[in-house]
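S.K.: Dropping in work.txt, which is compact mmCIF, C-alpha atoms and all ligand atoms:
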# COMPACT_ATOMS: atom_id res chain seq x y z
CA MET A 1 -73.81 -22.05 101.79
CA ALA A 2 -74.37 -21.83 98.02
CA GLN A 3 -71.36 -20.79 95.95
CA PRO A 4 -71.90 -17.84 93.59
CA PRO A 5 -72.36 -18.80 89.93
CA PRO A 6 -69.31 -18.11 87.73
CA ASP A 7 -69.18 -14.80 85.85
CA VAL A 8 -66.87 -12.82 83.56
CA GLU A 9 -65.71 -9.24 84.07
CA GLY A 10 -66.49 -7.61 80.72
CA ASP A 11 -69.63 -7.32 78.61
CA ASP A 12 -69.22 -10.83 77.23
CA CYS A 13 -71.44 -13.87 77.47
CA LEU A 14 -70.63 -16.61 79.94
CA PRO A 15 -68.41 -19.34 78.41
CA ALA A 16 -70.58 -21.98 80.14
CA TYR A 17 -73.86 -21.90 82.00
CA ARG A 18 -75.55 -24.38 84.34
CA HIS A 19 -79.29 -23.90 84.63
CA LEU A 20 -80.64 -23.62 88.17
CA PHE A 21 -84.15 -22.76 86.99
CA CYS A 22 -86.01 -24.69 84.26
CA PRO A 23 -84.45 -23.76 80.86
CA ASP A 24 -87.96 -23.12 79.45
CA LEU A 25 -88.92 -20.66 82.19
CA LEU A 26 -89.35 -17.75 79.74
CA ARG A 27 -89.85 -19.77 76.54
CA ASP A 28 -90.93 -17.44 73.66
CA LYS A 29 -91.54 -14.47 75.97
CA VAL A 30 -90.19 -11.09 74.87
CA ALA A 31 -88.34 -8.77 77.26
CA PHE A 32 -87.60 -5.09 76.63
CA ILE A 33 -84.46 -4.19 78.59
CA THR A 34 -83.26 -0.58 78.85
CA GLY A 35 -79.51 -0.40 79.41
CA GLY A 36 -79.31 -3.97 78.07
CA GLY A 37 -76.11 -3.36 76.09
CA SER A 38 -73.76 -3.34 79.07
CA GLY A 39 -73.09 -4.42 82.65
CA ILE A 40 -75.96 -5.80 84.67
CA GLY A 41 -78.49 -5.19 81.86
CA PHE A 42 -76.38 -7.22 79.41
CA ARG A 43 -76.23 -10.17 81.81
CA ILE A 44 -79.98 -9.95 82.47
CA ALA A 45 -80.53 -10.16 78.70
CA GLU A 46 -78.21 -13.18 78.45
CA ILE A 47 -79.77 -15.09 81.35
CA PHE A 48 -83.30 -14.36 80.07
CA MET A 49 -82.28 -15.61 76.60
CA ARG A 50 -80.76 -18.74 78.11
CA HIS A 51 -84.25 -19.37 79.51
CA GLY A 52 -85.94 -19.13 76.10
CA CYS A 53 -86.73 -15.40 75.99
CA HIS A 54 -86.23 -13.04 73.03
CA THR A 55 -84.95 -9.60 73.98
CA VAL A 56 -84.91 -5.98 72.92
CA ILE A 57 -81.88 -4.11 74.29
CA ALA A 58 -82.23 -0.34 74.21
CA SER A 59 -79.75 2.40 75.06
CA ARG A 60 -78.51 5.69 73.62
CA SER A 61 -75.47 4.34 71.86
CA LEU A 62 -76.43 2.21 68.87
CA PRO A 63 -72.88 0.88 68.36
CA ARG A 64 -73.09 -0.44 71.92
CA VAL A 65 -76.16 -2.52 71.17
CA LEU A 66 -76.18 -2.71 67.37
CA THR A 67 -75.47 -5.74 65.33
CA VAL A 68 -77.97 -8.28 64.06
CA ILE A 69 -81.54 -9.08 64.85
CA ARG A 70 -81.31 -12.84 64.22
CA PRO A 71 -78.46 -15.18 65.12
CA LEU A 72 -75.86 -16.08 62.49
CA GLN A 73 -76.45 -13.06 60.22
CA PRO A 74 -73.22 -11.19 59.43
CA PRO A 75 -72.78 -8.11 61.64
CA LYS A 76 -73.62 -4.75 60.05
CA VAL A 77 -71.26 -2.82 62.30
CA PRO A 78 -68.02 -4.21 63.72
CA GLY A 79 -66.97 -3.31 67.26
CA LEU A 80 -69.40 -3.11 70.10
CA GLN A 81 -71.81 -5.86 69.28
CA ALA A 82 -73.82 -6.76 72.31
CA ALA A 83 -76.81 -8.11 70.41
CA ARG A 84 -74.70 -10.33 68.18
CA LYS A 85 -72.90 -11.77 71.20
CA LEU A 86 -76.20 -12.44 72.95
CA ALA A 87 -77.90 -14.03 69.95
CA GLY A 88 -74.79 -16.05 69.08
CA ALA A 89 -74.40 -17.46 72.61
CA THR A 90 -78.06 -18.31 73.16
CA GLY A 91 -79.71 -18.87 69.76
CA ARG A 92 -82.53 -16.51 70.71
CA ARG A 93 -83.37 -13.27 68.90
CA CYS A 94 -82.09 -9.92 70.14
CA LEU A 95 -83.23 -6.61 68.68
CA PRO A 96 -80.88 -3.69 69.44
CA LEU A 97 -82.47 -0.24 69.47
CA SER A 98 -81.12 3.24 69.99
CA MET A 99 -83.28 5.21 72.38
CA ASP A 100 -82.90 7.83 75.12
CA VAL A 101 -85.25 7.02 78.01
CA ARG A 102 -85.64 10.77 78.62
CA ALA A 103 -87.35 11.33 75.24
CA PRO A 104 -90.93 9.96 75.15
CA PRO A 105 -91.23 10.18 71.32
CA ALA A 106 -88.07 8.06 70.96
CA VAL A 107 -89.41 5.58 73.50
CA MET A 108 -92.71 5.34 71.60
CA ALA A 109 -90.90 4.73 68.32
CA ALA A 110 -88.69 2.05 69.90
CA VAL A 111 -91.64 0.22 71.47
CA ASP A 112 -93.51 0.37 68.14
CA GLN A 113 -90.48 -1.13 66.41
CA ALA A 114 -90.17 -3.89 69.01
CA LEU A 115 -93.88 -4.74 68.70
CA LYS A 116 -93.56 -4.80 64.91
CA GLU A 117 -90.64 -7.21 65.17
CA PHE A 118 -92.01 -9.55 67.85
CA GLY A 119 -95.77 -8.87 68.02
CA ARG A 120 -95.65 -8.80 71.82
CA ILE A 121 -93.70 -7.64 74.85
CA ASP A 122 -94.16 -9.55 78.11
CA ILE A 123 -91.49 -8.10 80.37
CA LEU A 124 -89.98 -4.65 80.88
CA ILE A 125 -86.69 -4.26 82.73
CA ASN A 126 -85.87 -0.63 83.55
CA CYS A 127 -82.10 -0.82 84.00
CA ALA A 128 -80.84 2.39 82.32
CA ALA A 129 -79.24 4.80 84.77
CA GLY A 130 -76.43 7.29 85.20
CA ASN A 131 -74.31 7.86 88.30
CA PHE A 132 -71.09 9.40 89.65
CA LEU A 133 -69.74 10.43 93.07
CA CYS A 134 -70.27 14.07 94.06
CA PRO A 135 -70.88 15.89 97.37
CA ALA A 136 -74.32 17.52 97.49
CA GLY A 137 -72.76 20.95 98.02
CA ALA A 138 -70.76 20.71 94.79
CA LEU A 139 -73.45 19.08 92.67
CA SER A 140 -74.72 21.34 89.88
CA PHE A 141 -78.48 21.79 89.49
CA ASN A 142 -78.18 20.30 86.05
CA ALA A 143 -76.28 17.24 87.27
CA PHE A 144 -78.97 16.47 89.86
CA LYS A 145 -81.69 16.95 87.26
CA THR A 146 -79.92 14.75 84.72
CA VAL A 147 -79.78 11.78 87.08
CA MET A 148 -83.42 12.27 88.08
CA ASP A 149 -84.34 12.52 84.38
CA ILE A 150 -82.59 9.29 83.38
CA ASP A 151 -83.33 7.13 86.42
CA THR A 152 -86.74 8.33 87.59
CA SER A 153 -88.44 10.02 84.63
CA GLY A 154 -86.87 7.46 82.28
CA THR A 155 -88.37 4.60 84.27
CA PHE A 156 -91.76 6.29 84.21
CA ASN A 157 -91.55 7.12 80.49
CA VAL A 158 -90.80 3.59 79.36
CA SER A 159 -93.32 2.02 81.78
CA ARG A 160 -96.03 4.45 80.69
CA VAL A 161 -95.43 3.84 76.96
CA LEU A 162 -95.43 0.06 77.38
CA TYR A 163 -98.57 0.26 79.49
CA GLU A 164 -100.40 2.21 76.81
CA LYS A 165 -99.12 0.22 73.84
CA PHE A 166 -99.34 -3.32 75.21
CA PHE A 167 -99.51 -4.10 78.94
CA ARG A 168 -102.91 -2.46 79.59
CA ASP A 169 -104.62 -4.95 77.28
CA HIS A 170 -102.37 -8.01 77.72
CA GLY A 171 -100.88 -7.80 81.22
CA GLY A 172 -97.14 -7.79 81.81
CA VAL A 173 -94.27 -7.68 84.26
CA ILE A 174 -92.03 -4.73 85.14
CA VAL A 175 -88.80 -4.97 87.13
CA ASN A 176 -87.10 -1.69 88.05
CA ILE A 177 -83.39 -1.91 88.87
CA THR A 178 -82.81 0.42 91.81
CA ALA A 179 -80.24 0.57 94.66
CA THR A 180 -80.05 0.75 98.45
CA LEU A 181 -78.30 4.17 98.51
CA GLY A 182 -81.33 6.03 99.85
CA ASN A 183 -82.09 3.48 102.57
CA ARG A 184 -79.57 5.08 104.92
CA GLY A 185 -78.53 8.28 103.14
CA GLN A 186 -75.17 7.52 101.51
CA ALA A 187 -72.68 10.43 101.23
CA LEU A 188 -71.79 11.62 97.69
CA GLN A 189 -74.97 10.03 96.32
CA VAL A 190 -77.87 12.45 96.96
CA HIS A 191 -78.75 12.46 93.23
CA ALA A 192 -78.80 8.69 92.66
CA GLY A 193 -80.20 7.88 96.11
CA SER A 194 -83.09 10.30 95.59
CA ALA A 195 -83.72 9.05 92.06
CA LYS A 196 -83.74 5.35 93.03
CA ALA A 197 -85.88 5.95 96.14
CA ALA A 198 -88.40 7.66 93.87
CA VAL A 199 -88.35 4.63 91.58
CA ASP A 200 -89.04 2.31 94.54
CA ALA A 201 -92.04 4.51 95.38
CA MET A 202 -93.11 4.38 91.71
CA THR A 203 -92.92 0.57 91.90
CA ARG A 204 -95.51 0.58 94.69
CA HIS A 205 -97.79 3.16 93.03
CA LEU A 206 -97.81 1.34 89.69
CA ALA A 207 -98.28 -2.06 91.37
CA VAL A 208 -101.41 -0.67 93.02
CA GLU A 209 -102.80 1.09 89.93
CA TRP A 210 -101.96 -1.56 87.36
CA GLY A 211 -102.50 -4.75 89.38
CA PRO A 212 -106.09 -5.04 88.13
CA GLN A 213 -104.73 -5.22 84.54
CA ASN A 214 -102.59 -8.20 85.59
CA ILE A 215 -99.38 -6.15 85.57
CA ARG A 216 -96.86 -6.96 88.30
CA VAL A 217 -94.33 -4.26 89.22
CA ASN A 218 -91.31 -4.89 91.46
CA SER A 219 -87.90 -3.38 92.21
CA LEU A 220 -84.60 -5.22 92.41
CA ALA A 221 -81.92 -3.38 94.37
CA PRO A 222 -78.39 -4.72 93.74
CA GLY A 223 -75.45 -4.20 96.07
CA PRO A 224 -71.87 -3.71 94.84
CA ILE A 225 -71.49 -5.87 91.73
CA SER A 226 -68.16 -6.87 90.17
CA GLY A 227 -67.42 -6.27 86.48
CA THR A 228 -69.71 -3.24 86.18
CA GLU A 229 -69.36 0.41 85.28
CA GLY A 230 -71.23 1.18 88.50
CA LEU A 231 -68.55 -0.39 90.68
CA ARG A 232 -65.74 1.16 88.61
CA ARG A 233 -67.23 4.64 89.09
CA LEU A 234 -68.49 4.38 92.65
CA GLY A 235 -66.42 1.70 94.35
CA GLY A 236 -63.66 4.09 95.46
CA PRO A 237 -60.08 3.00 96.17
CA GLN A 238 -59.59 -0.79 96.05
CA ALA A 239 -58.27 -1.04 99.63
CA SER A 240 -61.22 0.76 101.23
CA LEU A 241 -63.70 -1.13 99.06
CA SER A 242 -62.35 -4.50 100.14
CA THR A 243 -62.39 -3.45 103.81
CA LYS A 244 -66.08 -2.52 103.49
CA VAL A 245 -66.92 -5.63 101.51
CA THR A 246 -65.20 -8.05 103.88
CA ALA A 247 -67.07 -6.44 106.80
CA SER A 248 -70.42 -7.07 105.10
CA PRO A 249 -72.47 -10.18 105.97
CA LEU A 250 -71.54 -12.33 102.94
CA GLN A 251 -68.05 -10.76 102.82
CA ARG A 252 -67.79 -10.50 99.04
CA LEU A 253 -68.98 -8.55 96.01
CA GLY A 254 -71.96 -9.87 94.10
CA ASN A 255 -71.72 -10.73 90.43
CA LYS A 256 -73.91 -9.90 87.42
CA THR A 257 -75.25 -13.42 87.07
CA GLU A 258 -76.51 -13.38 90.65
CA ILE A 259 -78.41 -10.17 89.94
CA ALA A 260 -79.77 -11.58 86.69
CA HIS A 261 -81.02 -14.67 88.58
CA SER A 262 -82.92 -12.48 91.06
CA VAL A 263 -84.44 -10.47 88.20
CA LEU A 264 -85.32 -13.70 86.40
CA TYR A 265 -87.20 -14.86 89.48
CA LEU A 266 -89.17 -11.60 89.71
CA ALA A 267 -89.96 -11.58 85.98
CA SER A 268 -91.03 -15.23 85.84
CA PRO A 269 -94.19 -17.08 86.89
CA LEU A 270 -92.26 -18.18 90.02
CA ALA A 271 -93.15 -14.73 91.38
CA SER A 272 -96.75 -14.74 90.15
CA TYR A 273 -98.08 -13.40 93.50
CA VAL A 274 -95.27 -10.87 94.08
CA THR A 275 -95.97 -7.23 93.27
CA GLY A 276 -95.04 -3.87 94.81
CA ALA A 277 -91.96 -5.42 96.42
CA VAL A 278 -88.33 -4.31 96.62
CA LEU A 279 -86.01 -7.33 96.52
CA VAL A 280 -82.58 -6.41 97.85
CA ALA A 281 -79.81 -8.59 96.38
CA ASP A 282 -76.68 -7.27 98.09
CA GLY A 283 -75.33 -9.97 100.39
CA GLY A 284 -76.61 -7.88 103.30
CA ALA A 285 -74.20 -5.05 102.42
CA TRP A 286 -76.51 -2.11 103.11
CA LEU A 287 -76.97 -3.29 106.68
CA THR A 288 -73.29 -2.85 107.47
CA PHE A 289 -71.72 -0.54 104.85
CA PRO A 290 -70.35 2.72 106.34
CA ASN A 291 -72.32 5.79 105.28
CA GLY A 292 -69.42 7.22 103.27
CA VAL A 293 -69.02 10.51 105.17
CA LYS A 294 -65.26 9.85 105.39
CA GLY A 295 -65.26 9.87 101.59
CA LEU A 296 -66.25 13.54 101.58
CA ALA A 297 -62.73 14.51 102.66
CA ASP A 298 -61.14 12.14 100.10
CA PHE A 299 -63.34 13.61 97.41
CA ALA A 300 -62.35 17.21 98.28
CA SER A 301 -58.62 16.44 97.98
CA PHE A 302 -59.23 14.35 94.85
CA SER A 303 -61.20 17.15 93.11
CA ALA A 304 -58.60 19.72 94.09
CA LYS A 305 -56.09 17.82 91.96
CA LEU A 306 -58.27 18.00 88.84
P1 LIG B 1 -73.89 0.46 83.06
O1 LIG B 1 -73.22 -0.67 82.36
O2 LIG B 1 -73.32 1.83 82.88
O3 LIG B 1 -75.44 0.47 82.68
C1 LIG B 1 -76.19 1.61 82.47
C2 LIG B 1 -76.86 1.48 81.10
O4 LIG B 1 -77.83 2.52 80.96
C3 LIG B 1 -75.88 1.59 79.92
O5 LIG B 1 -76.11 0.50 79.05
C4 LIG B 1 -76.27 2.91 79.23
O6 LIG B 1 -76.08 2.78 77.82
C5 LIG B 1 -77.75 3.03 79.62
N1 LIG B 1 -78.21 4.40 79.66
C6 LIG B 1 -77.68 5.44 80.37
N2 LIG B 1 -78.37 6.57 80.14
C7 LIG B 1 -79.37 6.25 79.27
C8 LIG B 1 -80.41 6.98 78.64
N3 LIG B 1 -80.56 8.30 78.86
N4 LIG B 1 -81.26 6.33 77.80
C9 LIG B 1 -81.10 5.01 77.55
N5 LIG B 1 -80.13 4.26 78.12
C10 LIG B 1 -79.26 4.87 78.96
O7 LIG B 1 -73.93 0.24 84.64
P2 LIG B 1 -74.26 -0.97 85.67
O8 LIG B 1 -73.32 -0.76 86.78
O9 LIG B 1 -74.34 -2.28 85.00
O10 LIG B 1 -75.72 -0.53 86.22
C11 LIG B 1 -76.94 -1.10 85.75
C12 LIG B 1 -78.06 -0.76 86.72
O11 LIG B 1 -77.81 -1.34 88.01
C13 LIG B 1 -78.27 0.72 86.96
O12 LIG B 1 -79.66 0.98 87.08
C14 LIG B 1 -77.58 0.96 88.29
O13 LIG B 1 -78.07 2.10 88.97
C15 LIG B 1 -77.90 -0.34 89.01
N6 LIG B 1 -76.98 -0.65 90.11
C16 LIG B 1 -75.71 -1.04 89.84
C17 LIG B 1 -74.84 -1.38 90.88
C18 LIG B 1 -73.43 -1.84 90.61
O14 LIG B 1 -72.70 -2.23 91.53
N7 LIG B 1 -72.98 -1.84 89.36
C19 LIG B 1 -75.30 -1.28 92.21
C20 LIG B 1 -76.59 -0.86 92.46
C21 LIG B 1 -77.44 -0.55 91.40
P3 LIG B 1 -75.79 4.07 76.87
O15 LIG B 1 -74.64 4.79 77.48
O16 LIG B 1 -75.51 3.47 75.52
O17 LIG B 1 -77.04 4.88 76.86
Show the structure stored in the file as structure tokens.

M.R.:
Amino acid sequence: MAQPPPDVEGDDCLPAYRHLFCPDLLRDKVAFITGGGSGIGFRIAEIFMRHGCHTVIASRSLPRVLTVIRPLQPPKVPGLQAARKLAGATGRRCLPLSMDVRAPPAVMAAVDQALKEFGRIDILINCAAGNFLCPAGALSFNAFKTVMDIDTSGTFNVSRVLYEKFFRDHGGVIVNITATLGNRGQALQVHAGSAKAAVDAMTRHLAVEWGPQNIRVNSLAPGPISGTEGLRRLGGPQASLSTKVTASPLQRLGNKTEIAHSVLYLASPLASYVTGAVLVADGGAWLTFPNGVKGLADFASFSAKL
């Protein structure tokens, strides 16, 4: 059985990397990655850049993504410098942009800026999302709407803008980062499960409508991934998480590099005949994970303490 590739916990580049795919796989392509300043999105940006791609990383917090557009320029802002780390480790260009996926005018301005900088965009990765644990009965209307707005409407907004501004006339590839929450109806996750299930449906609709323009659209659904905000927020107590994980088919958490490799496959010419698909990369976890109903009781006592 293949060993997982090495990874690091934080939002840092890998100290060493061994190519499994051809290093030129995405040579001189440009990828626009929402949520590319942290977690899984950051590692997707790094792995794409290690395969020759330039990237645009876009999220709300400019300090998270901001630093320099080209490698080896001095940073404009100290601190959270995802783009500088990425460019420094890979020698490829990384353009950091501040943008809320919920605001179409901001998305349009960001895509215009990216096209001005690079002259093209070949790949869109919709990775921005928000999530937290909450029982459906305690979830505010606004909280449900917020998650739908970021995950589902945000994915549509960015896809729609890129379609109009570039993909319709040049073709392109879209990979939507979703989840398996809605496959079985996970407790405490009605908001995110509904939002991600809607994105998987959107993947199929857009694959059908945009296929004739040579646009491929697929979803990648990760399982529990170490070193991510998602796992920190949703993983629950360490002991119960490791019980669930060791009972799953591959008996371990996934890591960010493994997810990035699956996304790289979908975004690359290796998947040239793949569209409208949902690739689950979770070590088989959704087949065996408990549905979380026990967690409802834990959550009630936990919230009572707040
Ligand atoms: P993360 O680091 O929190 O990534 C989420 C990113 O989305 C952040 O960079 C955030 O940056 C950005 N974002 C949030 N709201 C936004 C908005 N309104 N507009 C623009 N950007 C926004 O979490 P992660 O765990 O790596 O998750 C990445 C993706 O994988 C998500 O789609 C998640 O649902 C999916 N996933 C993760 C796991 C896991 O185990 N971690 C499992 C299944 C699926 P700003 O705060 O700066 O905006």

S.K.: May I have the residues within 12 Å of Arg92 of chain A as a PyMOL selection string, using all atoms listed in the file and disregarding those fewer than 6 positions away in the same chain?

M.R.: chain A and resi 26-31+45-56+68-72+83-86

S.K.: Enter the distance from atom O7 of ligand LIG 1 (chain B) to atom CA of Glu229 of chain A, in Å, rounded to one decimal.

M.R.: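 Atom O7 of ligand LIG 1 (chain B) sits 4.6 Å away from atom CA of Glu229 of chain A.
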
S.K.: Between A:Gln251, A:Thr275, A:Gln213, A:Thr257, single out the one closest to ligand LIG 1 (chain B), counting only C-alpha atoms and all ligand atoms.

M.R.: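 The shortest atom-to-atom distance to ligand LIG 1 (chain B) comes from A:Thr257.
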
S.K.: Do you have the atom CA of Cys94 of chain A-atom CA of Ala281 of chain A distance handy?

M.R.: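 Straight-line distance from atom CA of Cys94 of chain A to atom CA of Ala281 of chain A works out to 26.4 Å.
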
S.K.: Measure the distance from atom CA of Ala82 of chain A to atom CA of Val161 of chain A in Å and round it to one decimal.

M.R.: 24.5 Å

S.K.: Nearest to Val173 of chain A: which of A:Gln186, A:Gln81, A:Thr146, A:Ser268 is it, counting only C-alpha atoms?

M.R.: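 The shortest atom-to-atom distance to Val173 of chain A comes from A:Ser268.
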
S.K.: Go through A:Leu220, A:Leu250, A:Leu188, A:Val111 one by one, measure the shortest atom-to-atom distance of each to Leu139 of chain A using all atoms listed in the file, and give the residue with the smallest value.

M.R.: A:Leu188

S.K.: Compute the set of protein, DNA and RNA residues whose minimum atom distance to ligand LIG 1 (chain B) is at most 6 Å, using only C-alpha atoms and all ligand atoms, and state it as an NGL selection string.

M.R.: :A and (34-41 or 59-61 or 64 or 99-102 or 127-130 or 150 or 177-179 or 222-225 or 228-231)

S.K.: Counting all atoms listed in the file, I want the residues whose atoms come within 9 Å of (-85.9, -1.4, 71.5) in the file frame, returned as a list of chain:residue names.

M.R.: A:Phe32, A:Ile33, A:Thr34, A:Thr55, A:Val56, A:Ile57, A:Ala58, A:Ser59, A:Leu95, A:Pro96, A:Leu97, A:Ser98, A:Met99, A:Val107, A:Ala109, A:Ala110, A:Val111, A:Asp112, A:Gln113, A:Ala114

S.K.: Would you mind exporting C-alpha atoms of the selected residues as a PDB file, in the coordinates of the input?

M.R.:
ATOM      1  CA  PHE A  32     -87.600  -5.090  76.630  1.00  0.00           C
ATOM      2  CA  ILE A  33     -84.460  -4.190  78.590  1.00  0.00           C
ATOM      3  CA  THR A  34     -83.260  -0.580  78.850  1.00  0.00           C
ATOM      4  CA  THR A  55     -84.950  -9.600  73.980  1.00  0.00           C
ATOM      5  CA  VAL A  56     -84.910  -5.980  72.920  1.00  0.00           C
ATOM      6  CA  ILE A  57     -81.880  -4.110  74.290  1.00  0.00           C
ATOM      7  CA  ALA A  58     -82.230  -0.340  74.210  1.00  0.00           C
ATOM      8  CA  SER A  59     -79.750   2.400  75.060  1.00  0.00           C
ATOM      9  CA  LEU A  95     -83.230  -6.610  68.680  1.00  0.00           C
ATOM     10  CA  PRO A  96     -80.880  -3.690  69.440  1.00  0.00           C
ATOM     11  CA  LEU A  97     -82.470  -0.240  69.470  1.00  0.00           C
ATOM     12  CA  SER A  98     -81.120   3.240  69.990  1.00  0.00           C
ATOM     13  CA  MET A  99     -83.280   5.210  72.380  1.00  0.00           C
ATOM     14  CA  VAL A 107     -89.410   5.580  73.500  1.00  0.00           C
ATOM     15  CA  ALA A 109     -90.900   4.730  68.320  1.00  0.00           C
ATOM     16  CA  ALA A 110     -88.690   2.050  69.900  1.00  0.00           C
ATOM     17  CA  VAL A 111     -91.640   0.220  71.470  1.00  0.00           C
ATOM     18  CA  ASP A 112     -93.510   0.370  68.140  1.00  0.00           C
ATOM     19  CA  GLN A 113     -90.480  -1.130  66.410  1.00  0.00           C
ATOM     20  CA  ALA A 114     -90.170  -3.890  69.010  1.00  0.00           C
TER      21      ALA A 114
END

S.K.: From the block I gave, I'd like segment 244-261 of chain A written with N, CA, C and O atoms, as a compact mmCIF listing (two decimals), in the first residue's frame.

M.R.:
# COMPACT_ATOMS: atom_id res chain seq x y z
N LYS A 244 -12.97 7.04 15.72
CA LYS A 244 -13.68 7.00 14.42
C LYS A 244 -12.69 6.76 13.29
O LYS A 244 -12.94 5.99 12.37
N VAL A 245 -11.54 7.45 13.38
CA VAL A 245 -10.58 7.36 12.29
C VAL A 245 -10.00 5.94 12.20
O VAL A 245 -9.89 5.38 11.11
N THR A 246 -9.65 5.36 13.35
CA THR A 246 -9.05 4.03 13.27
C THR A 246 -10.05 2.97 12.83
O THR A 246 -9.68 1.91 12.35
N ALA A 247 -11.36 3.28 12.96
CA ALA A 247 -12.37 2.33 12.47
C ALA A 247 -12.66 2.52 10.98
O ALA A 247 -13.42 1.75 10.40
N SER A 248 -12.08 3.53 10.37
CA SER A 248 -12.35 3.78 8.94
C SER A 248 -11.41 2.91 8.09
O SER A 248 -10.39 2.43 8.58
N PRO A 249 -11.75 2.70 6.82
CA PRO A 249 -10.99 1.71 6.03
C PRO A 249 -9.47 1.93 6.00
O PRO A 249 -8.72 0.99 6.23
N LEU A 250 -8.98 3.13 5.77
CA LEU A 250 -7.53 3.33 5.75
C LEU A 250 -6.96 3.67 7.12
O LEU A 250 -5.74 3.86 7.28
N GLN A 251 -7.83 3.81 8.12
CA GLN A 251 -7.44 3.91 9.54
C GLN A 251 -6.52 5.07 9.87
O GLN A 251 -5.66 4.98 10.75
N ARG A 252 -6.66 6.18 9.14
CA ARG A 252 -5.84 7.35 9.43
C ARG A 252 -6.51 8.58 8.84
O ARG A 252 -7.39 8.47 7.98
N LEU A 253 -6.07 9.76 9.32
CA LEU A 253 -6.49 11.01 8.69
C LEU A 253 -5.79 11.15 7.34
O LEU A 253 -4.72 10.58 7.12
N GLY A 254 -6.39 11.94 6.45
CA GLY A 254 -5.67 12.31 5.23
C GLY A 254 -4.80 13.52 5.51
O GLY A 254 -4.90 14.15 6.57
N ASN A 255 -3.94 13.87 4.55
CA ASN A 255 -3.21 15.13 4.71
C ASN A 255 -3.44 16.04 3.50
O ASN A 255 -4.01 15.63 2.48
N LYS A 256 -3.02 17.30 3.65
CA LYS A 256 -3.34 18.33 2.64
C LYS A 256 -2.70 18.01 1.29
O LYS A 256 -3.28 18.28 0.24
N THR A 257 -1.51 17.42 1.34
CA THR A 257 -0.83 17.10 0.08
C THR A 257 -1.60 16.03 -0.68
O THR A 257 -1.71 16.08 -1.92
N GLU A 258 -2.17 15.08 0.04
CA GLU A 258 -2.97 14.04 -0.65
C GLU A 258 -4.17 14.66 -1.35
O GLU A 258 -4.53 14.26 -2.47
N ILE A 259 -4.81 15.64 -0.69
CA ILE A 259 -5.95 16.30 -1.33
C ILE A 259 -5.48 17.10 -2.53
O ILE A 259 -6.08 17.05 -3.62
N ALA A 260 -4.36 17.80 -2.36
CA ALA A 260 -3.84 18.60 -3.47
C ALA A 260 -3.51 17.71 -4.67
O ALA A 260 -3.71 18.11 -5.83
N HIS A 261 -2.99 16.51 -4.42
CA HIS A 261 -2.67 15.60 -5.53
C HIS A 261 -3.94 15.19 -6.29
O HIS A 261 -3.94 15.09 -7.52
